[in-house]
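**Student:** What follows is a single structure, and I will ask about it in a moment.
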Amino acid sequence: MAEIQLRNVNKRWGDFVGVENFNLTIADEEFLVLLGPSGCGKTTTMRMIAGLEDVTEGEIAIDGRVINDLDPKDRDVAMVFQSYGLYPHMNVYDNIRFPLKVRKVDPATHDERVRRASAMVELDDFLHRKPAELSGGQRQRVALARAIVREPNVFLMDEPLSNLDAKLRVSTRAQIKNLSHELKVTTVYVTHDQIEAMTLADRVVVMKQGRVQQVGTPTEIYDNPANTFVASFIGSPAMNLMDGTIKDGTFEGKHVRIEGLQAADGAVTLGFRAEDASVTPAGQTGQITAPIYTVELLGDAVMLAVRAGGQLVSVKAPKDFRAEIGEEISFSVPTDICHIFDQSTGERV
Ligand code: ATP
């Protein structure tokens, strides 16, 4: 059992605000991902939960018990870092066993626990190797096993996949997801990679400059971004955003006009995703007509970038769509799928 509560948590170094008014309850067994660009305060938030960083103001509680003043070693949390943190002179077996020794766990149980943890990450055949004799992916699995072997209440993972190549990242990601499901341990996972966040998380916390922008399931965040920052951070390609004004249900931007919107008059940023736009059949005119800038064949679809109103707009077309750079195409966006944000605050309206 481990429910983590952050109540009005702030971190400041002098005048610099690292994390501001962070409020969140992380449910027992939840997989929570802290997502945001470099420097947004993700690692600092996680380090405060671990006890590696003091909380300037506010409270952190695990299962109702405030842990602000508790030593890291007494918090029952296990951390996995991007830099593995393995002991080079110890073999895999001893690296995995190390936390049990430090915590003076009954030695009679060590062997079984080490073997169980190493089997979970498929390292059974590597127990006698030294870290230098392992690949990056295998080293990261040793670091995972070392966290698993403790059977902690909480896993804290700081970009554990970022040193792995693209293919290994995908397979290790699947392994982490499977492990967290099997072990039912509350997990806080830090990443700047939105795909990692979307694929792993029960809920995602999107952060920017020390502040929480939105908390929600991956679907909520993708379908209903709270502001233009979240809208442009989640999804690949990023959501198309265009400035303009709405009057009597009609959006007018630079060379772009979309009618039939259910929205109040005002200066807005209108957003839509590439997959929500549909290319108009030849001979018909859509809401937006613009020249093609690039054509990317993705295999299952064709991604077009078009120059509309002085900016590039992404439009996803069916896999058999063919067109040349410079050719004009027309496309439409269903008005009920458009996202509308206040132009000055960036907040969804
Ligand atoms: P990254 O993805 O680059 O690791 P992050 O979101 O994890 O970024 P943090 O490491 O939490 O960011 O840092 C948040 C902000 O706090 C950054 O601007 C950083 O420079 C600042 N910061 C971190 N540690 C300190 C410190 N000890 N003293 C002063 N400022 C710090």
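Just so we're on the same page: first chain in the structure tokens is A, next is B, and so on; residues restart at 1 for each chain, and ligands are numbered from 1 in the order they show up.
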Can you tell me which residues come within 6 Å of ligand 1 when counting only C-alpha atoms and all ligand atoms, ideally as a tab-separated table (two decimals) with N, CA, C and O atoms, in the first residue's frame?

**Tutor:**
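Done, and the output landed in pocket_0.tsv:
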chain	number	residue	atom	x	y	z
A	13	TRP	N	15.24	27.84	-4.55
A	13	TRP	CA	16.65	28.07	-4.21
A	13	TRP	C	16.82	29.58	-4.27
A	13	TRP	O	16.81	30.14	-5.37
A	18	GLY	N	11.85	26.42	-8.34
A	18	GLY	CA	12.01	25.17	-9.09
A	18	GLY	C	10.69	24.46	-9.29
A	18	GLY	O	10.38	23.94	-10.36
A	37	PRO	N	9.37	19.71	-20.56
A	37	PRO	CA	10.67	19.99	-21.17
A	37	PRO	C	11.76	20.12	-20.10
A	37	PRO	O	11.47	20.21	-18.91
A	38	SER	N	12.98	20.14	-20.56
A	38	SER	CA	14.12	20.24	-19.66
A	38	SER	C	13.98	21.45	-18.73
A	38	SER	O	13.62	22.53	-19.16
A	39	GLY	N	14.23	21.22	-17.44
A	39	GLY	CA	14.21	22.32	-16.48
A	39	GLY	C	12.84	22.66	-15.92
A	39	GLY	O	12.69	23.64	-15.19
A	40	CYS	N	11.83	21.85	-16.22
A	40	CYS	CA	10.46	22.21	-15.78
A	40	CYS	C	10.19	21.80	-14.33
A	40	CYS	O	9.15	22.15	-13.78
A	41	GLY	N	11.11	21.05	-13.71
A	41	GLY	CA	10.94	20.70	-12.30
A	41	GLY	C	10.56	19.26	-12.04
A	41	GLY	O	10.26	18.89	-10.90
A	42	LYS	N	10.59	18.41	-13.05
A	42	LYS	CA	10.19	17.00	-12.88
A	42	LYS	C	11.12	16.27	-11.90
A	42	LYS	O	10.68	15.65	-10.95
A	43	THR	N	12.43	16.38	-12.19
A	43	THR	CA	13.40	15.65	-11.36
A	43	THR	C	13.37	16.18	-9.93
A	43	THR	O	13.43	15.41	-8.98
A	44	THR	N	13.25	17.49	-9.80
A	44	THR	CA	13.20	18.08	-8.46
A	44	THR	C	12.01	17.53	-7.68
A	44	THR	O	12.13	17.19	-6.50
A	192	HIS	N	10.97	13.36	-20.51
A	192	HIS	CA	10.58	14.51	-21.35
A	192	HIS	C	10.01	14.00	-22.66
A	192	HIS	O	9.70	14.78	-23.55

**Student:** List the spatial neighbours of range 98-111 of chain A as a list in words - criterion: any atom at most 8 Å away, only C-alpha atoms, same-chain residues fewer than 5 positions off excluded.

**Tutor:** Arg146, Val149 and Arg150 of chain A

**Student:** For Val9 in chain A, list every protein, DNA or RNA residue within 9 Å, evaluated using only C-alpha atoms, and leave out those in the same chain fewer than 6 positions away; present the list as a PyMOL selection string.

**Tutor:** chain A and resi 19-23+45+55-60

**Student:** Kindly export the residues of the current selection with C-alpha atoms, as a CSV table (one decimal), in the first residue's frame.

**Tutor:**
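The new file selection39.csv reads:
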chain,number,residue,atom,x,y,z
A,19,VAL,CA,8.6,23.8,-8.3
A,20,GLU,CA,5.5,25.9,-7.4
A,21,ASN,CA,2.3,24.8,-5.5
A,22,PHE,CA,2.4,21.2,-6.5
A,23,ASN,CA,-0.8,19.4,-5.3
A,45,THR,CA,9.7,16.9,-7.7
A,55,VAL,CA,10.9,20.6,0.5
A,56,THR,CA,10.9,24.4,0.9
A,57,GLU,CA,7.2,24.6,1.7
A,58,GLY,CA,4.3,22.2,1.8
A,59,GLU,CA,4.0,18.5,2.8
A,60,ILE,CA,4.7,15.1,1.2

**Student:** List the spatial neighbours of Leu156 in chain A as a count of residues only - criterion: any atom at most 9 Å away, only C-alpha atoms, same-chain residues fewer than 5 positions off excluded.

**Tutor:** 14

**Student:** Would you return as JSON, numbers by chain the members of range 2-131 of chain A that DSSP assigns to strand (DSSP E or B) on this structure's backbone?

**Tutor:** {"A": [4, 5, 6, 7, 8, 9, 10, 11, 12, 13, 16, 17, 18, 19, 20, 21, 22, 23, 24, 25, 26, 31, 32, 33, 34, 35, 57, 58, 59, 60, 61, 62, 65, 66, 77, 78, 79, 80, 81]}

**Student:** Could you write out the selected residues, including N, CA and C atoms, as an mmCIF file, in the first residue's frame?

**Tutor:**
data_model
loop_
_atom_site.group_PDB
_atom_site.id
_atom_site.type_symbol
_atom_site.label_atom_id
_atom_site.label_comp_id
_atom_site.auth_asym_id
_atom_site.auth_seq_id
_atom_site.Cartn_x
_atom_site.Cartn_y
_atom_site.Cartn_z
ATOM 1 N N ILE A 4 0.669 8.392 -2.377
ATOM 2 C CA ILE A 4 1.577 9.527 -2.135
ATOM 3 C C ILE A 4 0.789 10.819 -2.283
ATOM 4 N N GLN A 5 0.920 11.669 -1.281
ATOM 5 C CA GLN A 5 0.243 12.975 -1.378
ATOM 6 C C GLN A 5 1.268 14.097 -1.389
ATOM 7 N N LEU A 6 1.103 15.010 -2.351
ATOM 8 C CA LEU A 6 1.906 16.228 -2.350
ATOM 9 C C LEU A 6 0.945 17.371 -2.098
ATOM 10 N N ARG A 7 1.165 18.070 -0.994
ATOM 11 C CA ARG A 7 0.248 19.155 -0.631
ATOM 12 C C ARG A 7 0.984 20.484 -0.683
ATOM 13 N N ASN A 8 0.600 21.282 -1.661
ATOM 14 C CA ASN A 8 1.176 22.614 -1.781
ATOM 15 C C ASN A 8 2.687 22.619 -1.735
ATOM 16 N N VAL A 9 3.300 21.695 -2.435
ATOM 17 C CA VAL A 9 4.750 21.537 -2.363
ATOM 18 C C VAL A 9 5.454 22.593 -3.215
ATOM 19 N N ASN A 10 6.420 23.264 -2.600
ATOM 20 C CA ASN A 10 7.212 24.287 -3.284
ATOM 21 C C ASN A 10 8.682 23.993 -3.080
ATOM 22 N N LYS A 11 9.468 24.268 -4.121
ATOM 23 C CA LYS A 11 10.921 24.184 -3.975
ATOM 24 C C LYS A 11 11.532 25.466 -4.495
ATOM 25 N N ARG A 12 12.271 26.137 -3.646
ATOM 26 C CA ARG A 12 12.947 27.373 -4.067
ATOM 27 C C ARG A 12 14.426 27.300 -3.687
ATOM 28 N N TRP A 13 15.245 27.835 -4.551
ATOM 29 C CA TRP A 13 16.646 28.068 -4.207
ATOM 30 C C TRP A 13 16.822 29.580 -4.266
ATOM 31 N N PHE A 16 14.940 31.664 -6.933
ATOM 32 C CA PHE A 16 14.546 30.823 -8.066
ATOM 33 C C PHE A 16 13.529 29.762 -7.633
ATOM 34 N N VAL A 17 12.425 29.736 -8.380
ATOM 35 C CA VAL A 17 11.365 28.779 -8.050
ATOM 36 C C VAL A 17 11.528 27.543 -8.937
ATOM 37 N N GLY A 18 11.846 26.418 -8.336
ATOM 38 C CA GLY A 18 12.015 25.171 -9.092
ATOM 39 C C GLY A 18 10.692 24.463 -9.286
ATOM 40 N N VAL A 19 9.881 24.423 -8.210
ATOM 41 C CA VAL A 19 8.552 23.797 -8.250
ATOM 42 C C VAL A 19 7.604 24.683 -7.448
ATOM 43 N N GLU A 20 6.440 24.942 -8.015
ATOM 44 C CA GLU A 20 5.500 25.869 -7.364
ATOM 45 C C GLU A 20 4.141 25.217 -7.115
ATOM 46 N N ASN A 21 3.695 25.275 -5.876
ATOM 47 C CA ASN A 21 2.347 24.821 -5.497
ATOM 48 C C ASN A 21 1.920 23.518 -6.153
ATOM 49 N N PHE A 22 2.708 22.492 -5.937
ATOM 50 C CA PHE A 22 2.401 21.178 -6.533
ATOM 51 C C PHE A 22 1.431 20.455 -5.609
ATOM 52 N N ASN A 23 0.253 20.158 -6.112
ATOM 53 C CA ASN A 23 -0.779 19.448 -5.348
ATOM 54 C C ASN A 23 -1.222 18.223 -6.115
ATOM 55 N N LEU A 24 -1.096 17.055 -5.505
ATOM 56 C CA LEU A 24 -1.506 15.840 -6.217
ATOM 57 C C LEU A 24 -1.582 14.664 -5.261
ATOM 58 N N THR A 25 -2.574 13.815 -5.469
ATOM 59 C CA THR A 25 -2.606 12.535 -4.767
ATOM 60 C C THR A 25 -2.338 11.444 -5.794
ATOM 61 N N ILE A 26 -1.278 10.687 -5.556
ATOM 62 C CA ILE A 26 -0.934 9.576 -6.450
ATOM 63 C C ILE A 26 -1.496 8.318 -5.792
ATOM 64 N N PHE A 31 0.593 4.260 -11.871
ATOM 65 C CA PHE A 31 1.806 4.582 -12.635
ATOM 66 C C PHE A 31 1.656 6.031 -13.087
ATOM 67 N N LEU A 32 2.372 6.908 -12.387
ATOM 68 C CA LEU A 32 2.246 8.343 -12.668
ATOM 69 C C LEU A 32 3.492 8.842 -13.395
ATOM 70 N N VAL A 33 3.298 9.557 -14.483
ATOM 71 C CA VAL A 33 4.439 10.080 -15.233
ATOM 72 C C VAL A 33 4.496 11.601 -15.112
ATOM 73 N N LEU A 34 5.667 12.114 -14.729
ATOM 74 C CA LEU A 34 5.904 13.559 -14.734
ATOM 75 C C LEU A 34 6.560 13.884 -16.071
ATOM 76 N N LEU A 35 5.894 14.718 -16.858
ATOM 77 C CA LEU A 35 6.336 14.999 -18.223
ATOM 78 C C LEU A 35 6.514 16.503 -18.424
ATOM 79 N N GLU A 57 8.518 24.349 1.105
ATOM 80 C CA GLU A 57 7.212 24.647 1.706
ATOM 81 C C GLU A 57 6.253 23.552 1.281
ATOM 82 N N GLY A 58 5.322 23.186 2.158
ATOM 83 C CA GLY A 58 4.336 22.167 1.821
ATOM 84 C C GLY A 58 4.677 20.822 2.448
ATOM 85 N N GLU A 59 3.873 19.816 2.131
ATOM 86 C CA GLU A 59 4.038 18.509 2.759
ATOM 87 C C GLU A 59 3.996 17.389 1.732
ATOM 88 N N ILE A 60 4.811 16.380 1.981
ATOM 89 C CA ILE A 60 4.704 15.137 1.203
ATOM 90 C C ILE A 60 4.364 14.030 2.196
ATOM 91 N N ALA A 61 3.337 13.250 1.872
ATOM 92 C CA ALA A 61 2.922 12.169 2.775
ATOM 93 C C ALA A 61 2.833 10.867 1.988
ATOM 94 N N ILE A 62 3.232 9.778 2.632
ATOM 95 C CA ILE A 62 3.001 8.454 2.057
ATOM 96 C C ILE A 62 2.063 7.726 3.018
ATOM 97 N N ARG A 65 1.211 9.532 6.229
ATOM 98 C CA ARG A 65 2.287 9.917 7.143
ATOM 99 C C ARG A 65 3.195 10.935 6.463
ATOM 100 N N VAL A 66 3.340 12.106 7.089
ATOM 101 C CA VAL A 66 4.189 13.152 6.495
ATOM 102 C C VAL A 66 5.649 12.711 6.572
ATOM 103 N N VAL A 77 11.356 3.771 -0.651
ATOM 104 C CA VAL A 77 11.245 4.031 -2.085
ATOM 105 C C VAL A 77 12.525 3.535 -2.759
ATOM 106 N N ALA A 78 12.396 2.979 -3.954
ATOM 107 C CA ALA A 78 13.573 2.537 -4.705
ATOM 108 C C ALA A 78 13.679 3.364 -5.967
ATOM 109 N N MET A 79 14.895 3.844 -6.244
ATOM 110 C CA MET A 79 15.070 4.725 -7.411
ATOM 111 C C MET A 79 15.836 4.036 -8.533
ATOM 112 N N VAL A 80 15.457 4.379 -9.749
ATOM 113 C CA VAL A 80 16.201 3.922 -10.931
ATOM 114 C C VAL A 80 16.542 5.169 -11.744
ATOM 115 N N PHE A 81 17.832 5.357 -12.002
ATOM 116 C CA PHE A 81 18.274 6.554 -12.728
ATOM 117 C C PHE A 81 18.673 6.199 -14.154
#

**Student:** DSSP says helix (DSSP H, G or I) for which residues of range 180-247 of chain A? Put them as a PyMOL selection string?

**Tutor:** chain A and resi 180-183+194-200+218-223+228-233

**Student:** Extract, using only C-alpha atoms, all DNA, RNA and protein residues at most 9 Å from Arg273 in chain A, discarding same-chain residues fewer than 6 positions from it, and format them as a ChimeraX atom specification.

**Tutor:** /A:235,237-241,314-316,337-338

**Student:** Export, as an mmCIF file, in the first residue's frame, the selected residues with N, CA and C atoms.

**Tutor:**
data_model
loop_
_atom_site.group_PDB
_atom_site.id
_atom_site.type_symbol
_atom_site.label_atom_id
_atom_site.label_comp_id
_atom_site.auth_asym_id
_atom_site.auth_seq_id
_atom_site.Cartn_x
_atom_site.Cartn_y
_atom_site.Cartn_z
ATOM 1 N N GLY A 235 1.625 14.700 -28.595
ATOM 2 C CA GLY A 235 1.238 14.318 -29.957
ATOM 3 C C GLY A 235 2.373 14.561 -30.932
ATOM 4 N N PRO A 237 2.781 14.531 -35.182
ATOM 5 C CA PRO A 237 3.270 15.892 -35.026
ATOM 6 C C PRO A 237 2.444 16.659 -33.984
ATOM 7 N N ALA A 238 2.984 17.806 -33.558
ATOM 8 C CA ALA A 238 2.266 18.633 -32.582
ATOM 9 C C ALA A 238 0.936 19.107 -33.163
ATOM 10 N N MET A 239 0.007 19.430 -32.273
ATOM 11 C CA MET A 239 -1.280 19.965 -32.739
ATOM 12 C C MET A 239 -1.038 21.240 -33.574
ATOM 13 N N ASN A 240 -1.780 21.387 -34.659
ATOM 14 C CA ASN A 240 -1.715 22.631 -35.445
ATOM 15 C C ASN A 240 -2.404 23.733 -34.658
ATOM 16 N N LEU A 241 -1.748 24.870 -34.509
ATOM 17 C CA LEU A 241 -2.341 25.996 -33.770
ATOM 18 C C LEU A 241 -2.298 27.238 -34.653
ATOM 19 N N SER A 314 0.201 20.490 -40.361
ATOM 20 C CA SER A 314 0.292 19.052 -40.666
ATOM 21 C C SER A 314 -1.076 18.495 -40.969
ATOM 22 N N VAL A 315 -1.137 17.688 -42.007
ATOM 23 C CA VAL A 315 -2.391 17.044 -42.400
ATOM 24 C C VAL A 315 -2.078 15.590 -42.723
ATOM 25 N N LYS A 316 -2.835 14.675 -42.108
ATOM 26 C CA LYS A 316 -2.591 13.260 -42.352
ATOM 27 C C LYS A 316 -3.527 12.784 -43.445
ATOM 28 N N ILE A 337 -14.385 19.140 -33.717
ATOM 29 C CA ILE A 337 -13.114 18.585 -33.246
ATOM 30 C C ILE A 337 -12.083 19.695 -33.015
ATOM 31 N N CYS A 338 -12.380 20.915 -33.458
ATOM 32 C CA CYS A 338 -11.432 22.012 -33.266
ATOM 33 C C CYS A 338 -11.302 22.347 -31.780
#

**Student:** Skipping near chain neighbours, those fewer than 6 positions away, what residues fall within 7 Å of range 300-312 of chain A using only C-alpha atoms, listed as a ChimeraX atom specification?

**Tutor:** /A:254-256,290-294,318-319,321

**Student:** Name all residues at most 9 Å from Thr269 in chain A (count only C-alpha atoms; drop same-chain ones fewer than 3 positions away) and give them as a ChimeraX atom specification.

**Tutor:** /A:228,241-245,339-344,346

**Student:** Write out, as a compact mmCIF listing (two decimals), in the first residue's frame, the residues just selected, with N, CA, C and O atoms.

**Tutor:**
# COMPACT_ATOMS: atom_id res chain seq x y z
N THR A 228 -2.50 25.76 -24.66
CA THR A 228 -1.73 25.60 -25.90
C THR A 228 -0.38 24.92 -25.65
O THR A 228 0.15 24.23 -26.52
N LEU A 241 -1.75 24.87 -34.51
CA LEU A 241 -2.34 26.00 -33.77
C LEU A 241 -2.30 27.24 -34.65
O LEU A 241 -1.24 27.55 -35.22
N MET A 242 -3.44 27.90 -34.80
CA MET A 242 -3.50 29.10 -35.65
C MET A 242 -4.19 30.23 -34.91
O MET A 242 -5.27 30.03 -34.34
N ASP A 243 -3.58 31.41 -34.94
CA ASP A 243 -4.21 32.57 -34.30
C ASP A 243 -5.23 33.20 -35.25
O ASP A 243 -5.06 33.19 -36.47
N GLY A 244 -6.28 33.76 -34.66
CA GLY A 244 -7.31 34.44 -35.46
C GLY A 244 -8.42 34.94 -34.56
O GLY A 244 -8.26 34.99 -33.34
N THR A 245 -9.52 35.31 -35.19
CA THR A 245 -10.66 35.77 -34.37
C THR A 245 -11.90 34.99 -34.76
O THR A 245 -12.06 34.55 -35.90
N HIS A 339 -10.08 22.63 -31.37
CA HIS A 339 -9.81 23.06 -29.99
C HIS A 339 -9.69 24.57 -30.02
O HIS A 339 -9.02 25.11 -30.91
N ILE A 340 -10.33 25.23 -29.06
CA ILE A 340 -10.26 26.69 -29.07
C ILE A 340 -9.66 27.19 -27.75
O ILE A 340 -10.10 26.81 -26.67
N PHE A 341 -8.61 28.00 -27.89
CA PHE A 341 -7.90 28.52 -26.74
C PHE A 341 -7.94 30.04 -26.77
O PHE A 341 -7.93 30.65 -27.85
N ASP A 342 -7.96 30.64 -25.58
CA ASP A 342 -7.88 32.09 -25.48
C ASP A 342 -6.50 32.52 -26.00
O ASP A 342 -5.48 31.98 -25.57
N GLN A 343 -6.49 33.50 -26.91
CA GLN A 343 -5.21 33.86 -27.54
C GLN A 343 -4.23 34.49 -26.56
O GLN A 343 -3.03 34.31 -26.67
N SER A 344 -4.73 35.22 -25.58
CA SER A 344 -3.77 35.88 -24.68
C SER A 344 -3.31 34.96 -23.55
O SER A 344 -2.12 34.97 -23.20
N GLY A 346 -3.77 31.48 -23.51
CA GLY A 346 -3.46 30.13 -23.99
C GLY A 346 -4.36 29.07 -23.38
O GLY A 346 -4.25 27.89 -23.72

**Student:** May I ask which of the residues A:Glu328, A:Asp125, A:Asp202, A:Glu159 is the closest one to Gly216 in chain A, counting only C-alpha atoms?

**Tutor:**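 Among the listed residues, the smallest separation from Gly216 in chain A belongs to A:Asp202.
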
**Student:** Could you check the closest approach to Lys177 in chain A for each of A:Ala145, A:Met90, A:Ala201, A:Met157 and tell me which residue wins, using only C-alpha atoms?

**Tutor:**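 Closest residue, counting only C-alpha atoms: A:Ala201.
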
**Student:** Between A:Val185, A:Val121, A:Leu297, A:Ile67, single out the one closest to Asp320 in chain A, counting only C-alpha atoms.

**Tutor:**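 Looking at the shortest contact to Asp320 in chain A, the residue is A:Leu297.
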
**Student:** Please determine, counting only C-alpha atoms, which residue among A:Glu275, A:Asp124, A:Asp193, A:Glu3 has the shortest atom-to-atom distance to Asp158 in chain A.

**Tutor:**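 Looking at the shortest contact to Asp158 in chain A, the residue is A:Asp193.
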
**Student:** Given only C-alpha atoms as the basis, pick out the residue of A:Ile258, A:Gln194, A:Ser278, A:Gln209 nearest to Ser236 in chain A.

**Tutor:**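 Checking each candidate against Ser236 in chain A, we get A:Gln194 as the closest.
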
**Student:** A:Thr335, A:Asn153, A:Thr219, A:Ser83: which is nearest Glu29 in chain A, counting only C-alpha atoms?

**Tutor:**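 Of A:Thr335, A:Asn153, A:Thr219, A:Ser83, the one nearest Glu29 in chain A is A:Asn153, counting only C-alpha atoms.
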
**Student:** Mind pulling up the distance from CA of Leu179 in chain A to CA of Leu164 in chain A?

**Tutor:** 18.3 Å
